[in-house]
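Some notes on the structure that comes next.
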Amino acid sequence: MTEYEPAIPEFAGWTQEQREEEARRLYALAGYSEEQPLRVEIRYNTSENHKKVALAIASMWKQVL
């Protein structure tokens with residue numbers, strides 16, 4: 001498509017550190033903390049690759065938040 005310009009979100013230019021800082025800020029703003037953690041259930045099919053992705057997500061969230 002000519003003349004189409006996709007929207008580029010502000011965070012597209014952020015460093016990983018900036019993204020993680022914003023994630024922590026939003027997490028706290030939503031009322032979550034170590035004492036009041038967010039509980040998430042991730043369902044995935046039995047594919048080993050999907051399991052690896054789910055474990056990676058859980059690990060990253062645990063490290064950052």
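Residues are named by chain letter and number: chains run A, B, ... in the order of the structure tokens, numbers start at 1 in each chain, and ligands are numbered from 1 in the order shown.
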Quick one: everything within 10 Å of segment 40-45 of chain A, counting only C-alpha atoms, minus sequence neighbours fewer than 2 positions away in the same chain. Send it as a ChimeraX atom specification. /A:37-38,47-51,53-55,57-58
Output as a ChimeraX atom specification all residues of chain A that backbone DSSP marks as helix (DSSP H, G or I). /A:10-13,16-29,48-64
Any idea what the distance is between atom CA of Gln36 of chain A and atom CA of Gln16 of chain A? 25.0 Å
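Computed from the coordinates, the atom CA of Glu22 of chain A to atom CA of Pro6 of chain A distance equals 23.3 Å.
With atom CA of Leu29 of chain A on one side and atom CA of Val64 of chain A on the other, the separation reads 15.2 Å.
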Arg24 of chain A surroundings by only C-alpha atoms, 10 Å radius, close-in-sequence under 5 positions cut, as a PyMOL selection string: chain A and resi 18-19+29-30+32-33+61+64-65
